[in-house]
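Novice: Quick one: the structure is below, and I'll ask about it shortly.
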Amino acid sequence: MVPSFESATADILAHPVFDDCKNLIHHGVDNSVYDHSVATARMAYRMACALGVPAEEIISVTRAALLHDFFGYDWRDEWFKRFLRRYRGVRRLTHMHAFVHGPLAAKRASRYFALTDKQRQAIAAHMFPLSPILPRSREAWIVTTADKVVAAKEMTQCVYRTVARAMLIPD
């Protein structure tokens, strides 16, 4: 039997530290890490169900997708800019948020939630191909794909809203 999205994610969504993700802006000012993570988890859940994966794997992929951006910091903040200034050239590029937040999110999520190795790897690899970590399981590929689909939609909406505001077109 296919588990519900709510039963697979209830403990994470109720956790106060995960709730803090509402305070971190993500893909545009109208979108938080929390919003993006929930949308990505819902997309991954739908994809896993459509692919007919076993119920245990549906739960696994949904939870990994929900935690894929659980990095816990504002990468636009001054402290992260100071962190980047320590590096030069290619090393600076490889330490930018897009390259480092997957493994950081996996490590942080492991401190708060019981994760399998596949879930940790899916979280760490979700920025492929931008990051060099290759997704090594079906769960990781679903999380990576769901993240790309949701991020593309969010960025498209962000650009549309920005252009619409500039042109004074109502949403």
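Letters A, B, ... go to the chains of the structure tokens in the order shown; residues in each chain start at 1; ligands are counted from 1 in the same order.
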Could you give me the residues within segment 39-151 of chain A that DSSP places in alpha helix (DSSP H), as a tab-separated table (two decimals) with N, CA and C atoms, in the first residue's frame?

Specialist:
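And here is the file that came out, out32.tsv:
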```
chain	number	residue	atom	x	y	z
A	39	ALA	N	7.74	21.55	-1.62
A	39	ALA	CA	7.36	21.37	-3.03
A	39	ALA	C	8.21	20.28	-3.69
A	40	THR	N	9.49	20.25	-3.38
A	40	THR	CA	10.37	19.23	-3.94
A	40	THR	C	9.99	17.84	-3.41
A	41	ALA	N	9.68	17.76	-2.14
A	41	ALA	CA	9.26	16.47	-1.57
A	41	ALA	C	7.95	15.99	-2.18
A	42	ARG	N	7.00	16.90	-2.38
A	42	ARG	CA	5.73	16.51	-3.02
A	42	ARG	C	5.98	16.03	-4.46
A	43	MET	N	6.87	16.72	-5.18
A	43	MET	CA	7.19	16.30	-6.54
A	43	MET	C	7.87	14.94	-6.54
A	44	ALA	N	8.83	14.73	-5.65
A	44	ALA	CA	9.53	13.45	-5.56
A	44	ALA	C	8.55	12.32	-5.19
A	45	TYR	N	7.64	12.62	-4.28
A	45	TYR	CA	6.61	11.64	-3.89
A	45	TYR	C	5.77	11.24	-5.10
A	46	ARG	N	5.31	12.24	-5.85
A	46	ARG	CA	4.50	11.94	-7.05
A	46	ARG	C	5.30	11.16	-8.08
A	47	MET	N	6.56	11.52	-8.27
A	47	MET	CA	7.40	10.81	-9.23
A	47	MET	C	7.61	9.35	-8.81
A	48	ALA	N	7.91	9.15	-7.53
A	48	ALA	CA	8.14	7.79	-7.03
A	48	ALA	C	6.87	6.94	-7.17
A	49	CYS	N	5.73	7.53	-6.87
A	49	CYS	CA	4.46	6.80	-7.02
A	49	CYS	C	4.21	6.46	-8.49
A	50	ALA	N	4.46	7.43	-9.38
A	50	ALA	CA	4.24	7.21	-10.81
A	50	ALA	C	5.18	6.14	-11.37
A	55	ALA	N	6.76	0.84	-1.56
A	55	ALA	CA	6.31	1.80	-0.55
A	55	ALA	C	7.45	2.30	0.33
A	56	GLU	N	8.34	1.40	0.75
A	56	GLU	CA	9.47	1.79	1.59
A	56	GLU	C	10.36	2.81	0.88
A	57	GLU	N	10.53	2.64	-0.43
A	57	GLU	CA	11.36	3.56	-1.21
A	57	GLU	C	10.65	4.90	-1.42
A	58	ILE	N	9.32	4.87	-1.53
A	58	ILE	CA	8.56	6.12	-1.64
A	58	ILE	C	8.78	6.96	-0.39
A	59	ILE	N	8.72	6.32	0.77
A	59	ILE	CA	8.96	7.03	2.02
A	59	ILE	C	10.39	7.58	2.04
A	60	SER	N	11.34	6.76	1.66
A	60	SER	CA	12.75	7.15	1.68
A	60	SER	C	13.02	8.35	0.78
A	61	VAL	N	12.53	8.29	-0.45
A	61	VAL	CA	12.78	9.37	-1.40
A	61	VAL	C	12.07	10.65	-0.97
A	62	THR	N	10.89	10.54	-0.41
A	62	THR	CA	10.13	11.71	0.02
A	62	THR	C	10.84	12.41	1.18
A	63	ARG	N	11.34	11.64	2.13
A	63	ARG	CA	12.04	12.22	3.27
A	63	ARG	C	13.37	12.86	2.83
A	64	ALA	N	14.09	12.19	1.95
A	64	ALA	CA	15.35	12.76	1.45
A	64	ALA	C	15.08	14.06	0.69
A	65	ALA	N	14.03	14.08	-0.11
A	65	ALA	CA	13.69	15.29	-0.85
A	65	ALA	C	13.32	16.43	0.09
A	66	LEU	N	12.61	16.11	1.16
A	66	LEU	CA	12.21	17.14	2.12
A	66	LEU	C	13.44	17.75	2.80
A	67	LEU	N	14.49	16.96	2.98
A	67	LEU	CA	15.68	17.42	3.69
A	67	LEU	C	16.82	17.83	2.76
A	78	GLU	N	26.55	37.87	5.27
A	78	GLU	CA	27.94	38.31	5.33
A	78	GLU	C	28.89	37.21	5.79
A	79	TRP	N	28.48	36.37	6.73
A	79	TRP	CA	29.38	35.34	7.22
A	79	TRP	C	29.76	34.36	6.11
A	80	PHE	N	28.82	34.06	5.20
A	80	PHE	CA	29.16	33.14	4.10
A	80	PHE	C	30.09	33.84	3.10
A	81	LYS	N	29.88	35.12	2.89
A	81	LYS	CA	30.80	35.88	2.02
A	81	LYS	C	32.21	35.88	2.60
A	82	ARG	N	32.32	36.01	3.93
A	82	ARG	CA	33.63	35.94	4.58
A	82	ARG	C	34.25	34.55	4.41
A	83	PHE	N	33.43	33.52	4.53
A	83	PHE	CA	33.90	32.14	4.31
A	83	PHE	C	34.49	32.00	2.91
A	84	LEU	N	33.80	32.53	1.90
A	84	LEU	CA	34.27	32.41	0.52
A	84	LEU	C	35.56	33.19	0.27
A	85	ARG	N	35.74	34.30	0.96
A	85	ARG	CA	36.94	35.13	0.75
A	85	ARG	C	38.23	34.41	1.12
A	89	GLY	N	40.36	31.67	-6.90
A	89	GLY	CA	40.31	30.92	-8.15
A	89	GLY	C	39.30	29.80	-8.15
A	90	VAL	N	39.70	28.65	-8.65
A	90	VAL	CA	38.80	27.50	-8.77
A	90	VAL	C	38.35	27.02	-7.40
A	91	ARG	N	39.23	27.08	-6.41
A	91	ARG	CA	38.84	26.65	-5.05
A	91	ARG	C	37.70	27.52	-4.50
A	92	ARG	N	37.71	28.79	-4.86
A	92	ARG	CA	36.60	29.66	-4.43
A	92	ARG	C	35.31	29.21	-5.11
A	93	LEU	N	35.39	28.92	-6.38
A	93	LEU	CA	34.21	28.45	-7.12
A	93	LEU	C	33.66	27.17	-6.51
A	94	THR	N	34.54	26.24	-6.18
A	94	THR	CA	34.08	24.95	-5.64
A	94	THR	C	33.57	25.04	-4.21
A	97	HIS	N	28.03	28.23	-2.49
A	97	HIS	CA	26.88	27.55	-1.90
A	97	HIS	C	26.37	26.40	-2.76
A	98	ALA	N	26.21	26.62	-4.05
A	98	ALA	CA	25.65	25.58	-4.92
A	98	ALA	C	26.47	24.29	-4.88
A	99	PHE	N	27.77	24.41	-4.65
A	99	PHE	CA	28.64	23.24	-4.64
A	99	PHE	C	28.73	22.56	-3.28
A	100	VAL	N	28.54	23.30	-2.20
A	100	VAL	CA	28.78	22.73	-0.87
A	100	VAL	C	27.52	22.40	-0.08
A	101	HIS	N	26.37	22.95	-0.45
A	101	HIS	CA	25.23	22.79	0.44
A	101	HIS	C	24.63	21.39	0.47
A	102	GLY	N	24.80	20.59	-0.56
A	102	GLY	CA	24.27	19.22	-0.54
A	102	GLY	C	24.89	18.38	0.56
A	103	PRO	N	26.22	18.24	0.57
A	103	PRO	CA	26.85	17.50	1.66
A	103	PRO	C	26.60	18.11	3.05
A	104	LEU	N	26.56	19.45	3.13
A	104	LEU	CA	26.27	20.09	4.41
A	104	LEU	C	24.85	19.77	4.88
A	105	ALA	N	23.89	19.78	3.96
A	105	ALA	CA	22.51	19.44	4.31
A	105	ALA	C	22.40	17.99	4.77
A	106	ALA	N	23.12	17.09	4.10
A	106	ALA	CA	23.09	15.67	4.49
A	106	ALA	C	23.64	15.49	5.90
A	107	LYS	N	24.74	16.17	6.19
A	107	LYS	CA	25.36	16.06	7.51
A	107	LYS	C	24.43	16.63	8.58
A	108	ARG	N	23.87	17.80	8.30
A	108	ARG	CA	22.99	18.44	9.29
A	108	ARG	C	21.71	17.63	9.50
A	109	ALA	N	21.13	17.13	8.42
A	109	ALA	CA	19.91	16.32	8.53
A	109	ALA	C	20.16	15.07	9.36
A	110	SER	N	21.34	14.49	9.23
A	110	SER	CA	21.69	13.29	10.00
A	110	SER	C	21.76	13.55	11.50
A	111	ARG	N	22.03	14.79	11.88
A	111	ARG	CA	22.07	15.13	13.31
A	111	ARG	C	20.67	15.17	13.92
A	112	TYR	N	19.66	15.48	13.12
A	112	TYR	CA	18.31	15.65	13.64
A	112	TYR	C	17.36	14.50	13.32
A	117	ASP	N	21.81	5.39	4.51
A	117	ASP	CA	22.93	5.81	3.66
A	117	ASP	C	22.42	6.32	2.31
A	118	LYS	N	21.39	5.67	1.76
A	118	LYS	CA	20.83	6.12	0.47
A	118	LYS	C	20.22	7.51	0.59
A	119	GLN	N	19.56	7.78	1.69
A	119	GLN	CA	18.97	9.11	1.88
A	119	GLN	C	20.07	10.17	2.00
A	120	ARG	N	21.09	9.88	2.79
A	120	ARG	CA	22.21	10.83	2.93
A	120	ARG	C	22.87	11.08	1.58
A	121	GLN	N	23.07	10.04	0.81
A	121	GLN	CA	23.72	10.19	-0.50
A	121	GLN	C	22.82	10.97	-1.45
A	122	ALA	N	21.51	10.73	-1.40
A	122	ALA	CA	20.57	11.46	-2.26
A	122	ALA	C	20.60	12.95	-1.94
A	123	ILE	N	20.64	13.28	-0.66
A	123	ILE	CA	20.71	14.69	-0.25
A	123	ILE	C	22.02	15.31	-0.71
A	124	ALA	N	23.13	14.62	-0.47
A	124	ALA	CA	24.45	15.14	-0.83
A	124	ALA	C	24.60	15.33	-2.33
A	125	ALA	N	23.96	14.47	-3.13
A	125	ALA	CA	24.15	14.47	-4.59
A	125	ALA	C	23.12	15.30	-5.36
A	138	ARG	N	18.32	5.03	-7.26
A	138	ARG	CA	17.08	5.55	-7.85
A	138	ARG	C	16.54	6.69	-6.99
A	139	GLU	N	16.63	6.55	-5.66
A	139	GLU	CA	16.17	7.62	-4.78
A	139	GLU	C	16.91	8.92	-5.07
A	140	ALA	N	18.22	8.84	-5.23
A	140	ALA	CA	19.02	10.04	-5.49
A	140	ALA	C	18.65	10.68	-6.82
A	141	TRP	N	18.41	9.87	-7.84
A	141	TRP	CA	18.03	10.43	-9.14
A	141	TRP	C	16.65	11.08	-9.07
A	142	ILE	N	15.74	10.50	-8.32
A	142	ILE	CA	14.41	11.10	-8.18
A	142	ILE	C	14.50	12.43	-7.44
A	143	VAL	N	15.25	12.48	-6.34
A	143	VAL	CA	15.41	13.73	-5.59
A	143	VAL	C	16.06	14.80	-6.47
A	144	THR	N	17.10	14.42	-7.19
A	144	THR	CA	17.81	15.36	-8.07
A	144	THR	C	16.88	15.91	-9.14
A	145	THR	N	16.11	15.03	-9.76
A	145	THR	CA	15.19	15.45	-10.82
A	145	THR	C	14.07	16.31	-10.27
A	146	ALA	N	13.49	15.90	-9.15
A	146	ALA	CA	12.40	16.68	-8.54
A	146	ALA	C	12.89	18.08	-8.17
A	147	ASP	N	14.10	18.17	-7.63
A	147	ASP	CA	14.66	19.48	-7.28
A	147	ASP	C	14.81	20.36	-8.50
A	148	LYS	N	15.28	19.80	-9.61
A	148	LYS	CA	15.46	20.59	-10.84
A	148	LYS	C	14.12	21.08	-11.37
A	149	VAL	N	13.11	20.22	-11.36
A	149	VAL	CA	11.78	20.60	-11.86
A	149	VAL	C	11.20	21.73	-11.01
A	150	VAL	N	11.25	21.57	-9.70
A	150	VAL	CA	10.68	22.57	-8.79
A	150	VAL	C	11.47	23.88	-8.86
A	151	ALA	N	12.79	23.78	-8.86
A	151	ALA	CA	13.62	25.00	-8.92
A	151	ALA	C	13.38	25.76	-10.22
```

Novice: Where does segment 50-115 of chain A meet segment 14-28 of chain A within 8 Å, residue by residue, with the nearest atom pair and distance in Å to one decimal for each, counting only C-alpha atoms, listed by chain and rising number, as CSV?

Specialist:
```
residue,atom,partner,partner_atom,distance
A:Phe70,CA,A:Phe18,CA,7.4
A:Gly72,CA,A:Cys21,CA,7.0
A:Tyr73,CA,A:Leu24,CA,7.3
A:Asp74,CA,A:Leu24,CA,6.1
```

Novice: So, with only C-alpha atoms as the atoms that count, which of A:Asp77, A:Pro54, A:Ile133, A:Asn31 lies closest to Cys158 of chain A?

Specialist: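 Using only C-alpha atoms, the shortest distance to Cys158 of chain A belongs to A:Asn31.
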
Novice: Could you state the separation of atom CA of Thr156 of chain A and atom CA of Val38 of chain A in Å, given to one decimal place?

Specialist: 17.9 Å

Novice: Enumerate, as a VMD selection string, the complete set of residues in segment 1-160 of chain A that a backbone-based DSSP assignment places in strand (DSSP E or B).

Specialist: chain A and resid 25 to 26 28 to 32

Novice: To one decimal place in Å, what is the distance between atom CA of Pro135 of chain A and atom CA of His36 of chain A?

Specialist: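 Answer for the atom CA of Pro135 of chain A to atom CA of His36 of chain A separation: 20.2 Å.
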
Novice: Would you compute the distance between atom CA of Ser37 of chain A and atom CA of Met127 of chain A? Give it in Å to one decimal.

Specialist: 13.7 Å

Novice: Considering only C-alpha atoms, state which residue in the set A:Val2, A:Arg136, A:Asp69, A:Met167 is at the smallest distance from Gly52 of chain A.

Specialist: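 Among the listed residues, A:Val2 lies closest to Gly52 of chain A.
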